[in-house]
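This is data-v7.txt (compact mmCIF, C-alpha atoms).
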```
# COMPACT_ATOMS: atom_id res chain seq x y z
CA MET A 11 110.71 170.18 92.31
CA LYS A 12 111.42 168.12 95.42
CA LYS A 13 107.75 167.15 95.54
CA THR A 14 107.89 166.06 91.89
CA LEU A 15 111.01 163.96 92.51
CA TYR A 16 109.38 162.49 95.62
CA LEU A 17 106.27 161.50 93.65
CA LEU A 18 108.45 160.11 90.86
CA ALA A 19 110.38 158.00 93.39
CA ILE A 20 107.12 156.64 94.80
CA LEU A 21 105.89 155.84 91.29
CA ILE A 22 109.12 154.01 90.41
CA THR A 23 108.94 152.07 93.67
CA MET A 24 105.32 151.09 92.98
CA ILE A 25 106.19 149.96 89.45
CA SER A 26 109.12 147.92 90.80
CA ILE A 27 106.92 146.27 93.42
CA THR A 28 104.23 145.54 90.82
CA MET A 29 106.76 144.05 88.40
CA SER A 30 108.30 141.98 91.20
CA SER A 31 104.84 140.78 92.20
CA CYS A 32 103.99 139.89 88.60
CA LYS A 33 107.23 137.93 88.26
CA LYS A 34 106.48 136.11 91.50
CA ASP A 35 102.92 135.34 90.40
CA SER A 36 104.23 134.16 87.03
CA LYS A 37 106.75 131.84 88.70
CA GLU A 38 104.06 130.47 91.01
CA ASN A 39 101.72 129.88 88.06
CA ASP A 40 104.54 128.17 86.13
CA ALA A 41 105.26 125.89 89.11
CA GLN A 42 101.58 125.01 89.49
CA ASP A 43 101.24 124.35 85.76
CA LEU A 44 104.34 122.13 85.71
CA THR A 45 102.87 120.20 88.63
CA SER A 46 99.87 119.41 86.40
CA VAL A 47 102.21 118.22 83.63
CA GLU A 48 104.24 116.01 85.96
CA GLU A 49 101.19 114.50 87.61
CA SER A 50 99.47 113.87 84.29
CA THR A 51 102.42 111.70 83.21
CA ILE A 52 102.06 109.64 86.40
CA ALA A 53 98.32 109.31 85.78
CA SER A 54 98.87 108.22 82.16
CA GLU A 55 101.31 105.49 83.18
CA THR A 56 99.06 104.30 86.01
CA TYR A 57 96.06 104.36 83.69
CA PHE A 58 97.78 102.16 81.11
CA GLU A 59 99.32 99.81 83.65
CA THR A 60 96.04 98.47 85.05
CA PHE A 61 94.62 97.91 81.57
CA THR A 62 97.70 96.11 80.25
CA ASP A 63 97.90 93.97 83.39
CA LEU A 64 94.32 92.80 82.86
CA SER A 65 94.85 92.18 79.16
CA THR A 66 98.00 90.22 79.97
CA LEU A 67 96.19 88.11 82.54
CA SER A 68 93.38 87.53 80.05
CA ALA A 69 95.63 86.70 77.10
CA GLU A 70 93.66 84.50 74.72
CA ASN A 71 91.05 84.34 77.52
CA ASP A 72 92.39 80.92 78.52
CA GLY A 73 95.31 82.53 80.32
CA LEU A 74 92.97 83.71 83.06
CA PHE A 75 89.74 81.77 82.73
CA GLY A 76 90.88 78.28 81.76
CA VAL A 77 88.60 75.30 82.43
CA SER A 78 90.23 71.96 83.14
CA GLY A 79 88.71 68.51 83.43
CA SER A 80 88.47 68.95 87.19
CA GLY A 81 86.73 72.33 86.98
CA PHE A 82 87.83 75.96 86.99
CA GLU A 83 91.56 76.51 86.80
CA ILE A 84 93.75 79.50 87.60
CA LYS A 85 96.78 79.29 85.38
CA ASN A 86 100.27 80.52 86.15
CA VAL A 87 100.18 84.02 84.69
CA ALA A 88 101.29 85.99 87.75
CA ALA A 89 104.81 86.40 86.38
CA ALA A 90 103.56 88.85 83.77
CA ILE A 91 102.49 91.41 86.38
CA GLY A 92 104.99 91.02 89.16
CA ASN A 93 107.50 88.21 88.66
CA SER A 94 105.20 85.60 90.27
CA CYS A 95 104.97 87.37 93.63
CA ALA A 96 101.33 88.42 93.20
CA ILE A 97 98.62 86.06 94.41
CA ILE A 98 95.71 85.74 91.98
CA GLY A 99 92.25 84.69 93.10
CA ILE A 100 89.03 84.16 91.12
CA SER A 101 85.52 83.78 92.50
CA PRO A 102 83.35 81.85 91.79
CA GLN A 103 85.57 79.07 90.45
CA ASN A 104 83.02 77.62 88.07
CA ASN A 105 81.51 78.44 84.69
CA THR A 106 79.16 81.19 85.87
CA TRP A 107 79.50 84.95 85.44
CA PRO A 108 80.23 87.59 86.68
CA LYS A 109 83.59 86.71 88.20
CA THR A 110 85.71 88.66 90.63
CA LEU A 111 89.45 88.67 90.00
CA THR A 112 91.69 89.72 92.88
CA VAL A 113 95.38 90.44 92.31
CA ASP A 114 97.04 90.66 95.71
CA PHE A 115 100.55 92.10 95.87
CA GLY A 116 100.67 91.74 99.64
CA ASP A 117 102.96 94.05 101.60
CA GLY A 118 105.22 94.65 98.63
CA CYS A 119 106.10 93.02 95.34
CA THR A 120 109.00 94.47 93.32
CA TYR A 121 109.57 93.80 89.63
CA GLU A 122 111.74 95.85 87.25
CA ASN A 123 112.29 98.50 89.96
CA VAL A 124 108.54 99.05 90.45
CA THR A 125 107.08 98.05 93.82
CA ARG A 126 103.38 97.31 94.08
CA LYS A 127 101.43 96.47 97.20
CA GLY A 128 97.79 96.04 98.14
CA LYS A 129 95.05 94.66 95.89
CA VAL A 130 93.54 95.31 92.48
CA ILE A 131 89.98 93.98 92.27
CA ALA A 132 88.26 93.49 88.90
CA VAL A 133 84.72 92.26 88.34
CA PHE A 134 84.25 90.69 84.87
CA THR A 135 80.80 90.26 83.31
CA ASP A 136 82.35 88.06 80.59
CA ARG A 137 85.70 87.09 79.12
CA PHE A 138 87.94 90.06 78.36
CA LYS A 139 87.81 89.65 74.57
CA ASN A 140 84.07 89.05 74.25
CA PRO A 141 82.10 92.01 72.82
CA GLN A 142 80.22 94.02 75.49
CA ALA A 143 82.23 92.43 78.31
CA LYS A 144 82.50 94.96 81.13
CA ILE A 145 85.26 95.01 83.74
CA THR A 146 84.90 97.22 86.81
CA VAL A 147 88.23 97.83 88.54
CA THR A 148 88.68 99.11 92.10
CA PHE A 149 91.67 99.28 94.43
CA ASP A 150 92.17 98.14 98.01
CA ASN A 151 95.04 99.98 99.72
CA PHE A 152 96.93 99.69 96.43
CA TYR A 153 100.28 101.41 95.82
CA VAL A 154 102.65 101.73 92.88
CA ASN A 155 105.97 102.68 94.47
CA ASN A 156 104.95 105.42 96.92
CA HIS A 157 101.80 106.44 95.03
CA LYS A 158 98.48 105.29 96.50
CA ILE A 159 95.84 104.64 93.84
CA GLU A 160 92.11 105.06 94.52
CA GLY A 161 89.02 105.31 92.33
CA THR A 162 86.99 103.27 89.86
CA LYS A 163 87.75 102.28 86.29
CA VAL A 164 85.13 100.72 83.98
CA ILE A 165 86.41 98.96 80.85
CA THR A 166 83.91 97.96 78.15
CA ASN A 167 84.78 95.79 75.15
CA LYS A 168 83.26 97.46 72.06
CA GLY A 169 84.24 94.67 69.68
CA LYS A 170 86.56 95.02 66.71
CA ASN A 171 86.94 98.16 64.61
CA GLU A 172 87.27 98.43 60.82
CA ALA A 173 90.96 97.57 61.09
CA GLY A 174 90.06 94.33 62.85
CA ASN A 175 91.49 95.46 66.20
CA TYR A 176 89.77 95.15 69.58
CA ASN A 177 88.44 98.45 70.93
CA PHE A 178 87.69 99.26 74.56
CA THR A 179 86.15 102.33 76.16
CA VAL A 180 87.64 103.15 79.54
CA GLU A 181 85.88 105.48 81.95
CA VAL A 182 87.77 106.58 85.04
CA SER A 183 85.81 108.12 87.91
CA LYS A 184 87.54 110.16 90.60
CA LEU A 185 90.93 108.53 90.25
CA LYS A 186 93.00 109.79 93.18
CA ILE A 187 96.76 109.40 93.35
CA SER A 188 98.41 110.45 96.59
CA THR A 189 101.87 110.44 98.12
CA THR A 190 103.52 112.02 101.16
CA GLY A 191 100.79 114.42 102.19
CA LYS A 192 99.70 115.53 98.72
CA ALA A 193 97.20 114.20 96.21
CA PHE A 194 95.77 114.87 92.78
CA SER A 195 92.57 113.61 91.16
CA LEU A 196 91.44 112.80 87.64
CA SER A 197 88.36 111.69 85.69
CA SER A 198 88.57 110.62 82.06
CA LEU A 199 86.87 108.97 79.09
CA ASN A 200 89.14 107.21 76.63
CA ASN A 201 89.30 104.63 73.88
CA ILE A 202 91.99 101.96 73.83
CA GLU A 203 92.76 100.06 70.64
CA TRP A 204 94.65 96.77 70.86
CA LYS A 205 96.84 97.34 67.80
CA GLU A 206 99.25 94.40 67.96
CA GLY A 207 99.56 91.06 69.72
CA SER A 208 95.89 90.34 70.45
CA GLU A 209 96.01 86.99 68.67
CA THR A 210 99.03 85.61 70.53
CA ARG A 211 99.46 84.35 74.07
CA THR A 212 102.72 86.24 74.51
CA PRO A 213 102.06 89.59 76.22
CA GLY A 214 105.47 90.94 75.24
CA ASP A 215 104.28 91.68 71.69
CA ASP A 216 101.17 93.62 72.75
CA VAL A 217 100.84 97.24 71.61
CA PHE A 218 97.99 99.56 72.64
CA SER A 219 96.86 102.98 71.43
CA ILE A 220 94.84 105.42 73.55
CA THR A 221 92.82 108.51 72.65
CA GLY A 222 90.43 110.72 74.61
CA THR A 223 90.25 113.44 77.23
CA ALA A 224 90.57 113.96 80.98
CA GLU A 225 90.19 116.65 83.58
CA GLY A 226 91.37 116.91 87.14
CA THR A 227 92.82 118.89 90.01
CA ASN A 228 96.55 118.86 90.75
CA SER A 229 98.13 118.54 94.18
CA LYS A 230 98.23 122.33 94.52
CA GLY A 231 94.45 122.53 94.10
CA LYS A 232 94.58 123.88 90.54
CA ALA A 233 92.33 122.52 87.78
CA PHE A 234 93.73 121.17 84.52
CA SER A 235 92.48 119.35 81.43
CA ILE A 236 94.15 116.87 79.09
CA THR A 237 93.43 116.23 75.43
CA ILE A 238 95.34 113.50 73.63
CA VAL A 239 96.54 115.09 70.38
CA LYS A 240 98.39 112.12 68.88
CA PRO A 241 97.39 108.64 70.15
CA LEU A 242 99.54 107.51 73.07
CA ILE A 243 101.30 104.24 72.27
CA LYS A 244 102.07 101.71 74.98
CA LYS A 245 104.19 98.64 74.30
CA VAL A 246 103.91 96.04 77.05
CA ALA A 247 107.60 95.27 76.51
CA CYS A 248 108.48 98.86 77.47
CA LYS A 249 108.17 100.40 80.92
CA PHE A 250 106.77 103.74 79.73
CA ILE A 251 104.57 105.13 76.96
CA VAL A 252 106.75 105.27 73.84
CA ALA A 253 104.95 107.68 71.49
CA GLY A 254 102.14 110.20 71.12
CA SER A 255 101.39 113.57 72.65
CA SER A 256 98.93 115.32 74.94
CA ALA A 257 97.91 118.95 75.39
CA ILE A 258 97.65 119.88 79.07
CA THR A 259 95.82 123.12 79.80
CA SER A 260 96.00 124.72 83.24
CA ASP A 261 93.37 126.91 84.87
CA SER A 262 95.60 129.88 84.04
CA GLY A 263 94.98 129.16 80.35
CA THR A 264 98.51 128.04 79.54
CA THR A 265 98.76 124.94 77.35
CA TYR A 266 101.72 122.57 77.61
CA THR A 267 102.43 119.89 75.00
CA LEU A 268 103.72 116.64 76.46
CA ASP A 269 105.41 114.51 73.78
CA PHE A 270 106.39 110.91 74.56
CA GLY A 271 108.57 110.51 71.48
CA SER A 272 108.36 108.44 68.31
CA GLY A 273 108.60 104.86 69.54
CA GLN A 274 111.82 104.54 71.51
CA CYS A 275 111.66 102.31 74.58
CA ASP A 276 113.08 104.82 77.07
CA ASP A 277 112.12 107.04 80.01
CA LYS A 278 112.27 110.37 78.16
CA ALA A 279 109.60 112.85 77.07
CA THR A 280 109.54 116.54 76.19
CA VAL A 281 107.39 119.42 77.41
CA THR A 282 106.82 122.42 75.14
CA VAL A 283 105.28 125.76 76.13
CA ALA A 284 105.46 129.13 74.36
CA GLY A 285 107.89 127.72 71.80
CA GLU A 286 110.37 126.44 74.39
CA THR A 287 111.00 122.70 74.77
CA LYS A 288 112.50 120.86 77.73
CA GLU A 289 113.30 117.16 78.11
CA ILE A 290 111.94 115.40 81.20
CA THR A 291 112.47 111.97 82.77
CA LEU A 292 109.41 109.79 83.27
CA HIS A 293 108.78 107.90 86.48
CA LYS A 294 106.07 105.94 88.28
```
Transcribe the structure of this file into structure tokens.
Amino acid sequence: MKKTLYLLAILITMISITMSSCKKDSKENDAQDLTSVEESTIASETYFETFTDLSTLSAENDGLFGVSGSGFEIKNVAAAIGNSCAIIGISPQNNTWPKTLTVDFGDGCTYENVTRKGKVIAVFTDRFKNPQAKITVTFDNFYVNNHKIEGTKVITNKGKNEAGNYNFTVEVSKLKISTTGKAFSLSSLNNIEWKEGSETRTPGDDVFSITGTAEGTNSKGKAFSITIVKPLIKKVACKFIVAGSSAITSDSGTTYTLDFGSGQCDDKATVTVAGETKEITLHK
């Protein structure tokens, strides 16, 4: 009888340890998965930001590549991407292509509580709105707040779609975003539709829609994938994505739905997993 009780005690102890271990593993997996969700929101905002900056600079083409009677002219469009504290350079300053655009934020340029520093370098094969124009974007010691951005982005103008809107494919190769000793990486292939504001010179009325997929590795070394379920909507007048949703699947097989809302210009989104929804605050 004592032996039976002894064995039963051991069995109960083993079950308790196993359950405790499972709970611990589950919590660790949840934390790793949530890291993927958080970092994917940062990547989405960073992804959009570079594109909208270039479209703003290229508004009506003349905004960036104006030609005056005395030759090539760089017009005053810096305010749109950093309250005039960025220095914009174009080479060569003549009518030949390709052209290299350098946006230099120096040691720090703060606008609307976002600090940028370093350089964004974009090589244009043609004007931004011309069909088949290709823009290759790289970064030189470039930061958004405390996030360092590295990698290559290739934007290709695919002309207008059936709705009469400009369409661009955007391929991101080995985008790396790092901060304070940790980093995550991402590669993606997406389509961006310029839904509103393409025919005006005022960037504040621009609205973009993005679809596509991505995959990457979070800062804890865990793989994840992203599929845009409902097109993500970015209004240039708003700091964050205002609508749309993405499905983020971790290497553990858990899928999280990240919902940016229905159009409100705010810093809120929701994350849903296993029927439970939690509101989160977006940041850059």
**OP:** Quick one: pull the distance between atom CA of A:Val113 and atom CA of A:Lys186, Å, one decimal.
**Re:**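 It comes out at 19.5 Å.
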**OP:** Figure out the distance between atom CA of A:Glu59 and atom CA of A:Glu203, please, to one decimal in Å.
**Re:**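 Separating atom CA of A:Glu203 from atom CA of A:Glu59 is a distance of 14.6 Å.
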What's the 7 Å shell around A:Ile243, counting all atoms listed in the file, without same-chain residues fewer than 6 positions away, as a PDB file with C-alpha atoms, keeping the file's coordinate frame?
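Listing of out.pdb after writing:
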```pdb
ATOM      1  CA  PHE A 218      97.990  99.560  72.640  1.00  0.00           C
ATOM      2  CA  SER A 219      96.860 102.980  71.430  1.00  0.00           C
ATOM      3  CA  ILE A 220      94.840 105.420  73.550  1.00  0.00           C
ATOM      4  CA  ILE A 251     104.570 105.130  76.960  1.00  0.00           C
ATOM      5  CA  VAL A 252     106.750 105.270  73.840  1.00  0.00           C
ATOM      6  CA  ALA A 253     104.950 107.680  71.490  1.00  0.00           C
ATOM      7  CA  GLY A 254     102.140 110.200  71.120  1.00  0.00           C
TER       8      GLY A 254
END
```
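The residue that comes closest to A:Ala224, out of A:Thr210, A:Thr190, A:Thr106, A:Asn201 and on the basis of all atoms listed in the file, is A:Asn201.
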Close residues, A:Asn177 itself excluded, 12 Å, all atoms listed in the file, min 2 positions apart in chain, as a PDB file with C-alpha atoms, in the coordinates of the input:
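Writing done, so here's selection_25.pdb:
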```
ATOM      1  CA  PHE A 138      87.940  90.060  78.360  1.00  0.00           C
ATOM      2  CA  LYS A 139      87.810  89.650  74.570  1.00  0.00           C
ATOM      3  CA  ASN A 140      84.070  89.050  74.250  1.00  0.00           C
ATOM      4  CA  PRO A 141      82.100  92.010  72.820  1.00  0.00           C
ATOM      5  CA  GLN A 142      80.220  94.020  75.490  1.00  0.00           C
ATOM      6  CA  ALA A 143      82.230  92.430  78.310  1.00  0.00           C
ATOM      7  CA  ILE A 165      86.410  98.960  80.850  1.00  0.00           C
ATOM      8  CA  THR A 166      83.910  97.960  78.150  1.00  0.00           C
ATOM      9  CA  ASN A 167      84.780  95.790  75.150  1.00  0.00           C
ATOM     10  CA  LYS A 168      83.260  97.460  72.060  1.00  0.00           C
ATOM     11  CA  GLY A 169      84.240  94.670  69.680  1.00  0.00           C
ATOM     12  CA  LYS A 170      86.560  95.020  66.710  1.00  0.00           C
ATOM     13  CA  ASN A 171      86.940  98.160  64.610  1.00  0.00           C
ATOM     14  CA  GLU A 172      87.270  98.430  60.820  1.00  0.00           C
ATOM     15  CA  ALA A 173      90.960  97.570  61.090  1.00  0.00           C
ATOM     16  CA  GLY A 174      90.060  94.330  62.850  1.00  0.00           C
ATOM     17  CA  ASN A 175      91.490  95.460  66.200  1.00  0.00           C
ATOM     18  CA  THR A 179      86.150 102.330  76.160  1.00  0.00           C
ATOM     19  CA  VAL A 180      87.640 103.150  79.540  1.00  0.00           C
ATOM     20  CA  ASN A 200      89.140 107.210  76.630  1.00  0.00           C
ATOM     21  CA  ASN A 201      89.300 104.630  73.880  1.00  0.00           C
ATOM     22  CA  ILE A 202      91.990 101.960  73.830  1.00  0.00           C
ATOM     23  CA  GLU A 203      92.760 100.060  70.640  1.00  0.00           C
ATOM     24  CA  TRP A 204      94.650  96.770  70.860  1.00  0.00           C
ATOM     25  CA  LYS A 205      96.840  97.340  67.800  1.00  0.00           C
ATOM     26  CA  GLU A 206      99.250  94.400  67.960  1.00  0.00           C
ATOM     27  CA  SER A 208      95.890  90.340  70.450  1.00  0.00           C
ATOM     28  CA  PHE A 218      97.990  99.560  72.640  1.00  0.00           C
ATOM     29  CA  SER A 219      96.860 102.980  71.430  1.00  0.00           C
ATOM     30  CA  ILE A 220      94.840 105.420  73.550  1.00  0.00           C
ATOM     31  CA  THR A 221      92.820 108.510  72.650  1.00  0.00           C
TER      32      THR A 221
END
```
Subject >> Interatomic distance (Å, one decimal) between atom CA of A:Trp107 and atom CA of A:Thr135 >> reply: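 That distance, rounded to one decimal, is 5.9 Å.
With only C-alpha atoms as the atoms that count, the residue of A:Gly116, A:Pro102, A:Gly128, A:Pro213 with the shortest distance to A:Asp63 is A:Pro213.
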**OP:** Considering only C-alpha atoms, state which residue in the set A:Val124, A:Leu268, A:Ile238, A:Ala53 is at the smallest distance from A:Val182.
**Re:** A:Ala53
Subject >> Residue among A:Val217, A:Ile258, A:Ile236, A:Ala284 lying closest to A:Thr62, counting only C-alpha atoms >> reply: A:Val217
Subject >> Exercise: residues within 9 Å of coordinate (84.5, 102.5, 87.2), counting all atoms listed in the file, as a list in words >> reply: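 Taken together, the residues in range are Ile145, Thr146, Val147, Thr148, Gly161, Thr162, Lys163, Val164, Ile165, Val180, Glu181, Val182, Ser183 and Lys184 of chain A.
Considering all atoms listed in the file, the residue among A:Ile290, A:Phe250, A:Ile159, A:Phe134 positioned nearest to A:Ser101 is A:Phe134.
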**OP:** Mind checking which residues fall within 6 Å of A:Leu185, counting only C-alpha atoms, ignoring those fewer than 4 positions away in the same chain, and posting them as a count of residues only?
**Re:** 4
Subject >> Who sits within 7 Å of A:Cys119, all atoms listed in the file, same chain under 2 positions skipped, as a VMD selection string >> reply: chain A and resid 92 95 to 96 115 121 125 to 127
**OP:** Identify which of the residues A:Ile131, A:Val281, A:Ala193, A:Ala257 lies closest to A:Thr60, counting all atoms listed in the file when measuring atom-to-atom distances.
**Re:**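 That would be A:Ile131, the residue with the smallest distance to A:Thr60.
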Assuming the input is short of atoms at stretch 107-122 of chain A, produce N, CA and C atoms for that part as a PDB file, in the coordinates of the input.
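Writing done, so here's out.pdb:
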```pdb
ATOM      1  N   TRP A 107      79.045  83.565  85.456  1.00  0.00           N
ATOM      2  CA  TRP A 107      79.500  84.950  85.440  1.00  0.00           C
ATOM      3  C   TRP A 107      78.478  85.803  86.178  1.00  0.00           C
ATOM      4  N   PRO A 108      78.899  86.954  86.735  1.00  0.00           N
ATOM      5  CA  PRO A 108      80.230  87.590  86.680  1.00  0.00           C
ATOM      6  C   PRO A 108      81.236  86.889  87.578  1.00  0.00           C
ATOM      7  N   LYS A 109      82.501  87.233  87.379  1.00  0.00           N
ATOM      8  CA  LYS A 109      83.590  86.710  88.200  1.00  0.00           C
ATOM      9  C   LYS A 109      84.394  87.864  88.790  1.00  0.00           C
ATOM     10  N   THR A 110      84.864  87.660  89.983  1.00  0.00           N
ATOM     11  CA  THR A 110      85.710  88.660  90.630  1.00  0.00           C
ATOM     12  C   THR A 110      87.156  88.178  90.645  1.00  0.00           C
ATOM     13  N   LEU A 111      88.012  88.950  90.032  1.00  0.00           N
ATOM     14  CA  LEU A 111      89.450  88.670  90.000  1.00  0.00           C
ATOM     15  C   LEU A 111      90.133  89.559  91.030  1.00  0.00           C
ATOM     16  N   THR A 112      90.921  88.962  91.905  1.00  0.00           N
ATOM     17  CA  THR A 112      91.690  89.720  92.880  1.00  0.00           C
ATOM     18  C   THR A 112      93.177  89.469  92.661  1.00  0.00           C
ATOM     19  N   VAL A 113      93.920  90.540  92.436  1.00  0.00           N
ATOM     20  CA  VAL A 113      95.380  90.440  92.310  1.00  0.00           C
ATOM     21  C   VAL A 113      95.967  91.063  93.561  1.00  0.00           C
ATOM     22  N   ASP A 114      96.560  90.230  94.394  1.00  0.00           N
ATOM     23  CA  ASP A 114      97.040  90.660  95.710  1.00  0.00           C
ATOM     24  C   ASP A 114      98.569  90.711  95.708  1.00  0.00           C
ATOM     25  N   PHE A 115      99.095  91.914  95.840  1.00  0.00           N
ATOM     26  CA  PHE A 115     100.550  92.100  95.870  1.00  0.00           C
ATOM     27  C   PHE A 115     101.102  92.089  97.292  1.00  0.00           C
ATOM     28  N   GLY A 116     100.230  91.832  98.263  1.00  0.00           N
ATOM     29  CA  GLY A 116     100.670  91.740  99.640  1.00  0.00           C
ATOM     30  C   GLY A 116     101.265  93.032 100.166  1.00  0.00           C
ATOM     31  N   ASP A 117     102.305  92.888 100.993  1.00  0.00           N
ATOM     32  CA  ASP A 117     102.960  94.050 101.600  1.00  0.00           C
ATOM     33  C   ASP A 117     104.024  94.674 100.713  1.00  0.00           C
ATOM     34  N   GLY A 118     104.225  94.090  99.540  1.00  0.00           N
ATOM     35  CA  GLY A 118     105.220  94.650  98.630  1.00  0.00           C
ATOM     36  C   GLY A 118     105.737  93.618  97.664  1.00  0.00           C
ATOM     37  N   CYS A 119     105.705  93.949  96.388  1.00  0.00           N
ATOM     38  CA  CYS A 119     106.100  93.020  95.340  1.00  0.00           C
ATOM     39  C   CYS A 119     106.858  93.838  94.293  1.00  0.00           C
ATOM     40  N   THR A 120     108.172  93.642  94.189  1.00  0.00           N
ATOM     41  CA  THR A 120     109.000  94.470  93.320  1.00  0.00           C
ATOM     42  C   THR A 120     109.402  93.711  92.064  1.00  0.00           C
ATOM     43  N   TYR A 121     109.193  94.374  90.923  1.00  0.00           N
ATOM     44  CA  TYR A 121     109.570  93.800  89.630  1.00  0.00           C
ATOM     45  C   TYR A 121     109.995  94.937  88.718  1.00  0.00           C
ATOM     46  N   GLU A 122     111.189  94.825  88.131  1.00  0.00           N
ATOM     47  CA  GLU A 122     111.740  95.850  87.250  1.00  0.00           C
ATOM     48  C   GLU A 122     111.732  97.231  87.917  1.00  0.00           C
TER      49      GLU A 122
END
```
